[in-house]
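Printed here is entry-v3.pdb (PDB, C-alpha atoms):
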MODEL        1
ATOM      1  CA  MET A   1      -7.929 -50.131-122.262
ATOM      2  CA  ARG A   2      -6.611 -49.755-118.742
ATOM      3  CA  LEU A   3      -2.926 -50.587-119.052
ATOM      4  CA  ILE A   4      -0.077 -51.190-116.683
ATOM      5  CA  PHE A   5       3.059 -50.167-118.557
ATOM      6  CA  ALA A   6       6.435 -51.653-117.596
ATOM      7  CA  GLY A   7       9.603 -50.269-119.173
ATOM      8  CA  THR A   8      12.671 -48.187-118.455
ATOM      9  CA  PRO A   9      14.784 -46.778-121.370
ATOM     10  CA  GLU A  10      14.037 -44.647-124.426
ATOM     11  CA  PHE A  11      12.918 -47.671-126.465
ATOM     12  CA  ALA A  12      10.029 -48.152-124.038
ATOM     13  CA  ALA A  13       9.319 -44.445-123.566
ATOM     14  CA  LEU A  14       8.268 -44.033-127.202
ATOM     15  CA  ALA A  15       5.802 -46.902-126.818
ATOM     16  CA  LEU A  16       4.331 -45.406-123.628
ATOM     17  CA  GLN A  17       3.872 -42.028-125.321
ATOM     18  CA  ALA A  18       2.213 -43.688-128.325
ATOM     19  CA  LEU A  19      -0.240 -45.562-126.100
ATOM     20  CA  LEU A  20      -1.169 -42.384-124.243
ATOM     21  CA  THR A  21      -1.632 -40.519-127.520
ATOM     22  CA  ALA A  22      -3.886 -43.334-128.746
ATOM     23  CA  GLY A  23      -6.182 -42.744-125.767
ATOM     24  CA  HIS A  24      -5.366 -45.655-123.481
ATOM     25  CA  THR A  25      -5.532 -45.136-119.726
ATOM     26  CA  VAL A  26      -2.374 -45.983-117.798
ATOM     27  CA  PRO A  27      -3.122 -46.131-114.053
ATOM     28  CA  LEU A  28       0.354 -47.478-113.208
ATOM     29  CA  VAL A  29       3.837 -47.316-114.711
ATOM     30  CA  LEU A  30       6.478 -49.791-113.580
ATOM     31  CA  THR A  31      10.060 -48.721-114.149
ATOM     32  CA  GLN A  32      13.415 -49.623-112.655
ATOM     33  CA  PRO A  33      14.819 -47.615-109.737
ATOM     34  CA  ASP A  34      16.896 -44.582-110.727
ATOM     35  CA  ARG A  35      20.529 -45.529-111.351
ATOM     36  CA  PRO A  36      23.808 -43.586-111.589
ATOM     37  CA  ALA A  37      24.634 -42.872-115.239
ATOM     38  CA  GLY A  38      27.034 -40.909-117.419
ATOM     39  CA  ARG A  39      30.576 -39.742-116.764
ATOM     40  CA  GLY A  40      29.551 -37.975-113.568
ATOM     41  CA  MET A  41      27.575 -41.043-112.380
ATOM     42  CA  ARG A  42      24.659 -38.826-111.396
ATOM     43  CA  VAL A  43      21.459 -40.578-110.359
ATOM     44  CA  LEU A  44      19.010 -39.783-113.155
ATOM     45  CA  PRO A  45      15.470 -40.916-113.967
ATOM     46  CA  GLY A  46      15.006 -43.234-116.941
ATOM     47  CA  ALA A  47      13.193 -42.148-120.087
ATOM     48  CA  VAL A  48       9.952 -43.936-119.147
ATOM     49  CA  LYS A  49       9.903 -42.226-115.750
ATOM     50  CA  ARG A  50      10.299 -38.844-117.420
ATOM     51  CA  VAL A  51       7.336 -39.484-119.731
ATOM     52  CA  ALA A  52       5.242 -40.735-116.807
ATOM     53  CA  GLN A  53       6.039 -37.633-114.784
ATOM     54  CA  GLN A  54       5.168 -35.360-117.708
ATOM     55  CA  HIS A  55       1.706 -36.951-117.832
ATOM     56  CA  GLY A  56       1.190 -37.164-114.062
ATOM     57  CA  LEU A  57       1.077 -40.978-114.059
ATOM     58  CA  THR A  58       1.496 -43.087-110.943
ATOM     59  CA  LEU A  59       5.006 -44.577-110.768
ATOM     60  CA  TYR A  60       6.179 -47.749-109.065
ATOM     61  CA  GLN A  61       9.917 -48.557-108.936
ATOM     62  CA  PRO A  62      10.440 -51.836-107.056
ATOM     63  CA  GLU A  63      13.893 -53.428-106.831
ATOM     64  CA  ARG A  64      12.273 -56.817-107.477
ATOM     65  CA  LEU A  65       8.832 -58.376-107.754
ATOM     66  CA  LYS A  66       9.303 -61.777-106.134
ATOM     67  CA  ASP A  67       7.601 -60.906-102.849
ATOM     68  CA  PRO A  68       3.781 -61.171-103.115
ATOM     69  CA  ALA A  69       3.501 -58.013-101.002
ATOM     70  CA  SER A  70       5.205 -56.073-103.810
ATOM     71  CA  HIS A  71       2.306 -56.955-106.150
ATOM     72  CA  GLU A  72      -0.257 -54.841-104.306
ATOM     73  CA  PRO A  73       0.086 -51.717-106.534
ATOM     74  CA  LEU A  74      -0.414 -53.916-109.611
ATOM     75  CA  ARG A  75      -3.553 -55.479-108.166
ATOM     76  CA  ASN A  76      -4.907 -52.057-107.246
ATOM     77  CA  ALA A  77      -4.371 -50.799-110.807
ATOM     78  CA  ASP A  78      -7.216 -53.114-111.950
ATOM     79  CA  ALA A  79      -5.679 -53.302-115.432
ATOM     80  CA  ASP A  80      -7.013 -54.988-118.543
ATOM     81  CA  LEU A  81      -3.499 -55.661-119.832
ATOM     82  CA  MET A  82       0.156 -55.098-119.008
ATOM     83  CA  VAL A  83       2.468 -53.877-121.778
ATOM     84  CA  VAL A  84       6.153 -54.641-121.169
ATOM     85  CA  ALA A  85       9.015 -53.092-123.145
ATOM     86  CA  ALA A  86      12.666 -53.278-122.082
ATOM     87  CA  TYR A  87      11.698 -53.254-118.414
ATOM     88  CA  GLY A  88      14.803 -55.043-117.152
ATOM     89  CA  LEU A  89      13.259 -57.141-114.374
ATOM     90  CA  ILE A  90      11.941 -60.687-114.688
ATOM     91  CA  LEU A  91       8.202 -60.864-114.013
ATOM     92  CA  PRO A  92       7.062 -63.948-112.065
ATOM     93  CA  GLN A  93       4.014 -65.870-113.242
ATOM     94  CA  SER A  94       1.997 -64.471-110.352
ATOM     95  CA  VAL A  95       2.497 -60.972-111.817
ATOM     96  CA  LEU A  96       1.756 -62.083-115.377
ATOM     97  CA  ASP A  97      -1.573 -63.469-114.162
ATOM     98  CA  LEU A  98      -2.772 -60.211-112.561
ATOM     99  CA  PRO A  99      -4.164 -58.239-115.557
ATOM    100  CA  ARG A 100      -7.478 -59.482-116.945
ATOM    101  CA  LEU A 101      -6.012 -60.080-120.425
ATOM    102  CA  GLY A 102      -2.509 -61.000-119.300
ATOM    103  CA  CYS A 103       0.722 -59.362-120.470
ATOM    104  CA  VAL A 104       2.257 -58.582-123.846
ATOM    105  CA  ASN A 105       5.894 -57.808-124.570
ATOM    106  CA  LEU A 106       7.579 -55.656-127.209
ATOM    107  CA  HIS A 107      10.796 -57.384-128.236
ATOM    108  CA  ALA A 108      13.404 -55.917-130.615
ATOM    109  CA  SER A 109      14.024 -58.984-132.774
ATOM    110  CA  LEU A 110      12.249 -61.456-135.003
ATOM    111  CA  LEU A 111      11.650 -64.196-132.471
ATOM    112  CA  PRO A 112      12.756 -66.864-131.807
ATOM    113  CA  ARG A 113      16.039 -65.325-132.993
ATOM    114  CA  TRP A 114      17.797 -63.249-130.345
ATOM    115  CA  ARG A 115      15.777 -63.880-127.235
ATOM    116  CA  GLY A 116      17.273 -62.017-124.301
ATOM    117  CA  ALA A 117      18.715 -58.693-123.228
ATOM    118  CA  ALA A 118      20.750 -57.434-126.213
ATOM    119  CA  PRO A 119      18.997 -58.393-129.469
ATOM    120  CA  ILE A 120      19.947 -55.237-131.361
ATOM    121  CA  GLN A 121      23.682 -55.510-130.702
ATOM    122  CA  ARG A 122      23.768 -59.262-131.331
ATOM    123  CA  ALA A 123      21.960 -58.948-134.654
ATOM    124  CA  ILE A 124      24.458 -56.380-135.955
ATOM    125  CA  ALA A 125      27.489 -58.277-134.667
ATOM    126  CA  ALA A 126      26.260 -61.495-136.278
ATOM    127  CA  GLY A 127      25.829 -59.832-139.655
ATOM    128  CA  ASP A 128      22.058 -60.331-139.836
ATOM    129  CA  GLU A 129      20.482 -58.661-142.847
ATOM    130  CA  GLU A 130      17.189 -57.986-141.100
ATOM    131  CA  THR A 131      15.623 -57.711-137.678
ATOM    132  CA  GLY A 132      12.317 -56.328-136.466
ATOM    133  CA  ILE A 133       9.776 -56.098-133.670
ATOM    134  CA  THR A 134       7.811 -58.985-132.227
ATOM    135  CA  ILE A 135       4.786 -58.493-129.988
ATOM    136  CA  MET A 136       4.172 -61.624-127.973
ATOM    137  CA  ARG A 137       2.088 -62.918-125.117
ATOM    138  CA  MET A 138       4.323 -63.288-122.082
ATOM    139  CA  ASP A 139       4.866 -66.568-120.285
ATOM    140  CA  ALA A 140       7.309 -67.620-117.580
ATOM    141  CA  GLY A 141      10.096 -68.292-120.103
ATOM    142  CA  LEU A 142      12.624 -65.826-121.477
ATOM    143  CA  ASP A 143      10.956 -64.318-124.565
ATOM    144  CA  THR A 144       9.336 -67.663-125.362
ATOM    145  CA  GLY A 145       5.640 -66.733-125.459
ATOM    146  CA  PRO A 146       3.350 -67.049-128.476
ATOM    147  CA  MET A 147       3.651 -64.286-131.080
ATOM    148  CA  LEU A 148       0.840 -61.883-131.936
ATOM    149  CA  LEU A 149       2.378 -59.517-134.467
ATOM    150  CA  THR A 150       5.736 -58.935-136.145
ATOM    151  CA  ARG A 151       7.230 -56.320-138.415
ATOM    152  CA  VAL A 152      10.470 -56.821-140.345
ATOM    153  CA  LEU A 153      13.102 -54.098-140.620
ATOM    154  CA  PRO A 154      16.231 -54.380-142.796
ATOM    155  CA  ILE A 155      19.585 -53.684-141.146
ATOM    156  CA  ALA A 156      21.340 -51.046-143.232
ATOM    157  CA  GLU A 157      25.028 -51.301-144.037
ATOM    158  CA  HIS A 158      26.022 -48.439-141.736
ATOM    159  CA  ASP A 159      23.519 -48.983-138.910
ATOM    160  CA  THR A 160      25.042 -48.707-135.454
ATOM    161  CA  ALA A 161      23.232 -50.061-132.411
ATOM    162  CA  ALA A 162      22.141 -46.481-131.665
ATOM    163  CA  ILE A 163      20.686 -45.918-135.143
ATOM    164  CA  LEU A 164      18.970 -49.297-135.284
ATOM    165  CA  HIS A 165      17.612 -48.837-131.751
ATOM    166  CA  ASP A 166      15.895 -45.611-132.774
ATOM    167  CA  LYS A 167      14.427 -47.170-135.917
ATOM    168  CA  LEU A 168      13.092 -50.141-133.960
ATOM    169  CA  ALA A 169      11.708 -47.949-131.185
ATOM    170  CA  ARG A 170       9.594 -46.056-133.716
ATOM    171  CA  VAL A 171       8.347 -49.312-135.239
ATOM    172  CA  ALA A 172       7.547 -50.730-131.795
ATOM    173  CA  ALA A 173       5.517 -47.654-130.836
ATOM    174  CA  GLU A 174       3.445 -47.933-134.006
ATOM    175  CA  LEU A 175       3.023 -51.687-133.738
ATOM    176  CA  ILE A 176       1.801 -51.792-130.126
ATOM    177  CA  VAL A 177      -0.939 -49.271-130.877
ATOM    178  CA  ASP A 178      -1.969 -51.360-133.892
ATOM    179  CA  ALA A 179      -1.884 -54.573-131.862
ATOM    180  CA  LEU A 180      -4.092 -53.263-129.063
ATOM    181  CA  ALA A 181      -6.600 -51.849-131.552
ATOM    182  CA  ARG A 182      -7.264 -55.367-132.833
ATOM    183  CA  LEU A 183      -6.136 -57.524-129.936
ATOM    184  CA  GLU A 184      -9.278 -59.659-129.950
ATOM    185  CA  THR A 185      -8.750 -60.743-133.560
ATOM    186  CA  LEU A 186      -4.997 -61.373-133.515
ATOM    187  CA  VAL A 187      -4.052 -65.035-133.834
ATOM    188  CA  GLN A 188      -1.425 -66.351-131.435
ATOM    189  CA  THR A 189       1.390 -68.273-133.118
ATOM    190  CA  ALA A 190       3.736 -70.493-131.129
ATOM    191  CA  GLN A 191       7.395 -69.699-131.649
ATOM    192  CA  PRO A 192       9.167 -72.341-133.733
ATOM    193  CA  SER A 193      11.830 -74.345-131.944
ATOM    194  CA  GLU A 194      14.185 -74.063-134.909
ATOM    195  CA  GLY A 195      16.238 -70.899-135.251
ATOM    196  CA  ALA A 196      16.121 -69.930-131.585
ATOM    197  CA  THR A 197      19.183 -67.978-130.436
ATOM    198  CA  TYR A 198      20.033 -66.150-127.220
ATOM    199  CA  ALA A 199      21.211 -62.527-126.972
ATOM    200  CA  PRO A 200      23.020 -62.222-123.627
ATOM    201  CA  LYS A 201      23.642 -58.872-121.992
ATOM    202  CA  ILE A 202      26.693 -57.081-123.401
ATOM    203  CA  ASP A 203      29.839 -57.513-121.299
ATOM    204  CA  LYS A 204      32.405 -54.721-121.472
ATOM    205  CA  ARG A 205      35.111 -57.336-121.978
ATOM    206  CA  GLU A 206      33.586 -58.078-125.377
ATOM    207  CA  ALA A 207      34.457 -54.570-126.554
ATOM    208  CA  VAL A 208      38.169 -55.306-127.149
ATOM    209  CA  LEU A 209      38.989 -55.552-130.860
ATOM    210  CA  ASP A 210      40.930 -58.714-131.679
ATOM    211  CA  TRP A 211      42.899 -57.816-134.792
ATOM    212  CA  ARG A 212      43.328 -61.493-135.665
ATOM    213  CA  ARG A 213      39.659 -61.563-136.668
ATOM    214  CA  SER A 214      38.467 -60.460-140.104
ATOM    215  CA  ALA A 215      37.867 -56.815-140.937
ATOM    216  CA  GLN A 216      34.245 -57.697-141.659
ATOM    217  CA  GLU A 217      33.727 -59.067-138.143
ATOM    218  CA  LEU A 218      35.494 -56.134-136.490
ATOM    219  CA  GLU A 219      33.573 -53.517-138.452
ATOM    220  CA  ARG A 220      30.322 -55.125-137.296
ATOM    221  CA  GLN A 221      31.625 -55.213-133.723
ATOM    222  CA  VAL A 222      32.343 -51.468-133.834
ATOM    223  CA  ARG A 223      28.815 -50.733-135.070
ATOM    224  CA  ALA A 224      27.193 -53.144-132.614
ATOM    225  CA  PHE A 225      28.924 -51.582-129.603
ATOM    226  CA  ASN A 226      28.157 -47.964-130.505
ATOM    227  CA  PRO A 227      27.022 -46.302-128.204
ATOM    228  CA  PHE A 228      27.742 -48.909-125.499
ATOM    229  CA  PRO A 229      30.171 -50.181-124.419
ATOM    230  CA  VAL A 230      32.140 -48.823-127.441
ATOM    231  CA  ALA A 231      34.815 -50.943-129.120
ATOM    232  CA  THR A 232      38.303 -50.563-127.625
ATOM    233  CA  ALA A 233      41.874 -51.039-128.829
ATOM    234  CA  THR A 234      45.335 -50.350-127.418
ATOM    235  CA  LEU A 235      47.950 -48.582-129.540
ATOM    236  CA  GLY A 236      51.293 -49.209-127.849
ATOM    237  CA  THR A 237      50.254 -48.609-124.260
ATOM    238  CA  VAL A 238      47.459 -46.108-124.965
ATOM    239  CA  PRO A 239      43.878 -47.384-124.700
ATOM    240  CA  LEU A 240      41.483 -45.954-127.288
ATOM    241  CA  LYS A 241      37.774 -46.135-127.966
ATOM    242  CA  VAL A 242      36.848 -46.812-131.586
ATOM    243  CA  TRP A 243      33.501 -45.192-132.386
ATOM    244  CA  SER A 244      33.417 -45.819-136.106
ATOM    245  CA  ALA A 245      35.390 -47.716-138.704
ATOM    246  CA  GLU A 246      35.081 -49.079-142.230
ATOM    247  CA  ARG A 247      36.499 -52.029-144.093
ATOM    248  CA  ALA A 248      39.331 -51.557-146.571
ATOM    249  CA  ALA A 249      41.172 -53.720-149.096
ATOM    250  CA  ALA A 250      44.647 -54.117-147.588
ATOM    251  CA  ASN A 251      46.662 -56.804-145.840
ATOM    252  CA  GLY A 252      49.428 -57.049-143.273
ATOM    253  CA  ALA A 253      50.334 -58.432-139.874
ATOM    254  CA  PRO A 254      47.250 -58.157-137.626
ATOM    255  CA  GLY A 255      47.267 -54.944-135.590
ATOM    256  CA  THR A 256      49.847 -53.171-137.759
ATOM    257  CA  VAL A 257      49.144 -49.600-138.893
ATOM    258  CA  LEU A 258      49.344 -49.685-142.692
ATOM    259  CA  GLY A 259      48.487 -46.081-143.439
ATOM    260  CA  VAL A 260      47.540 -42.790-141.800
ATOM    261  CA  ASP A 261      45.722 -39.816-143.359
ATOM    262  CA  ASP A 262      42.756 -37.531-142.748
ATOM    263  CA  GLN A 263      40.419 -40.294-143.882
ATOM    264  CA  GLY A 264      41.485 -42.739-141.192
ATOM    265  CA  ILE A 265      44.059 -44.969-139.549
ATOM    266  CA  LEU A 266      44.355 -48.155-141.596
ATOM    267  CA  VAL A 267      44.956 -51.245-139.452
ATOM    268  CA  ALA A 268      45.614 -54.772-140.723
ATOM    269  CA  CYS A 269      43.251 -57.510-139.557
ATOM    270  CA  GLY A 270      43.291 -61.300-139.795
ATOM    271  CA  SER A 271      41.897 -60.772-143.272
ATOM    272  CA  GLY A 272      41.491 -57.359-144.862
ATOM    273  CA  ALA A 273      41.944 -54.110-142.969
ATOM    274  CA  LEU A 274      39.929 -51.687-140.897
ATOM    275  CA  ARG A 275      40.059 -47.913-141.347
ATOM    276  CA  LEU A 276      39.422 -46.214-137.993
ATOM    277  CA  THR A 277      37.521 -42.983-138.595
ATOM    278  CA  GLU A 278      36.380 -41.781-135.167
ATOM    279  CA  LEU A 279      38.375 -42.244-131.967
ATOM    280  CA  GLN A 280      38.604 -41.202-128.342
ATOM    281  CA  LYS A 281      41.430 -41.234-125.810
ATOM    282  CA  SER A 282      40.711 -41.962-122.162
ATOM    283  CA  GLY A 283      39.356 -38.761-120.625
ATOM    284  CA  GLY A 284      39.239 -37.051-124.027
ATOM    285  CA  LYS A 285      36.534 -36.182-126.511
ATOM    286  CA  ARG A 286      35.146 -38.360-129.259
ATOM    287  CA  LEU A 287      36.796 -36.975-132.419
ATOM    288  CA  PRO A 288      36.880 -37.508-136.177
ATOM    289  CA  VAL A 289      40.254 -38.964-137.118
ATOM    290  CA  ARG A 290      41.444 -35.691-138.712
ATOM    291  CA  ASN A 291      41.082 -33.897-135.364
ATOM    292  CA  PHE A 292      42.249 -36.866-133.332
ATOM    293  CA  LEU A 293      45.563 -37.035-135.201
ATOM    294  CA  GLN A 294      46.297 -33.374-134.476
ATOM    295  CA  GLY A 295      46.727 -34.171-130.809
ATOM    296  CA  PHE A 296      47.835 -37.784-131.130
ATOM    297  CA  PRO A 297      50.082 -38.504-134.139
ATOM    298  CA  VAL A 298      50.155 -42.118-135.302
ATOM    299  CA  ALA A 299      53.005 -43.545-137.392
ATOM    300  CA  VAL A 300      52.823 -46.146-140.137
ATOM    301  CA  GLY A 301      54.220 -49.376-138.709
ATOM    302  CA  ALA A 302      52.930 -48.765-135.191
ATOM    303  CA  ALA A 303      51.187 -51.763-133.669
ATOM    304  CA  PHE A 304      47.883 -52.251-131.900
ATOM    305  CA  GLY A 305      47.894 -54.978-129.265
ATOM    306  CA  VAL A 306      46.470 -58.329-130.350
ATOM    307  CA  ASP A 307      46.287 -60.095-126.970
TER     308      ASP A 307
ENDMDL
END

Please render this file's structure as structure tokens.
Amino acid sequence: MRLIFAGTPEFAALALQALLTAGHTVPLVLTQPDRPAGRGMRVLPGAVKRVAQQHGLTLYQPERLKDPASHEPLRNADADLMVVAAYGLILPQSVLDLPRLGCVNLHASLLPRWRGAAPIQRAIAAGDEETGITIMRMDAGLDTGPMLLTRVLPIAEHDTAAILHDKLARVAAELIVDALARLETLVQTAQPSEGATYAPKIDKREAVLDWRRSAQELERQVRAFNPFPVATATLGTVPLKVWSAERAAANGAPGTVLGVDDQGILVACGSGALRLTELQKSGGKRLPVRNFLQGFPVAVGAAFGVD
């Protein structure tokens, strides 16, 4: 097929590479404009742009697609189908109507659960036991189109958002190639109205650990927000990033340090306790707790803020 591909991060880049390897022609790649990223806030190309450049593909990086004049490169691509994966811009109906066979989307959840921008993080934080990839026909709604193909993936006990992202990206790349190979025979299934949930974009303010919550909830929060925005806590007046933690059987006043050793800093929660195993001070390196404690001793009885 002749495909327009629309995507930006690594999740989408694997799908683009898989489609090229499968022999599809991609006359146009849509990706978001380059943005500042990382600690140095350098302007860097996204993963999809890098793949497109490696293959000499034509790139288009509009700020928005509301103006009909901005649609000209898409019309000129004369595509059979548009494949969209984590693009990051809303596509108006006039764009969805351009390819001969319309547009399909790769979404990292089992729709209608977790429609929206952050399905991977929301699934982990909610304690879901499984997630997956849904390939759907796109309509004007937010991840509301009819489904073509799904694949279920269990969420493992220690999956972070980073680990689960990589697993899902590999599944998505396989599934889109499969879907296009038999697109004419796939049956469209309307999404059920029951079970629909929304996965809003992650706000950095959500990263603060509230020690009044259960250890189970906080452990999921730590995993869901790794690698972004990373869970945070304040010990005395010192802000810390909590990269990894595990539940423990202990009790005490929420936020109180119950124990300290090379295995972790044990902190009481609303119910149970959380053992912090990987931490980072502002401006410092991400460190296993053994190394962290060498430069930042923590005493039993110290208190993390709960406000």

Residues matched by the PyMOL selection byres ((chain A and resi 278) around 9) as a ChimeraX atom specification: /A:241-245,264,276-277,279-280,286-290,292

Expected selection from the PyMOL selection byres ((chain A and resi 197) around 6), given as a PyMOL selection string: chain A and resi 113-114+196+198

Output of the PyMOL selection byres ((chain A and resi 170) around 10), listed as a ChimeraX atom specification: /A:11-12,14-15,18,165-169,171-175

Proximity to A:Ala248 - best of A:Ala268, A:Leu98, A:Leu44, A:Met82, only C-alpha atoms: A:Ala268

Protein/DNA/RNA residues near (-3.9, -50.9, -114.5), cut 12 Å, only C-alpha atoms, as number ranges by chain: A: 1-6, 24-30, 57-60, 72-83, 98-103

Hey, could you pull the box centre and edge lengths for stretch 14-19 of chain A, axis-aligned, 8 Å padding per side, all listed atoms, to one decimal in Å, as lines of an AutoDock Vina configuration file?
center_x = 4.0
center_y = -44.5
center_z = -126.0
size_x = 24.5
size_y = 20.9
size_z = 20.7

Near-A:Leu209 list (9 Å; all atoms listed in the file; drop same-chain fewer than 3 positions) as a ChimeraX atom specification: /A:206,212-213,218,221-222,231-234,306

Residue nearest A:Val238 - candidates A:Ser271, A:Ser282, A:Ser193, A:Asn251, atoms counted: all atoms listed in the file: A:Ser282
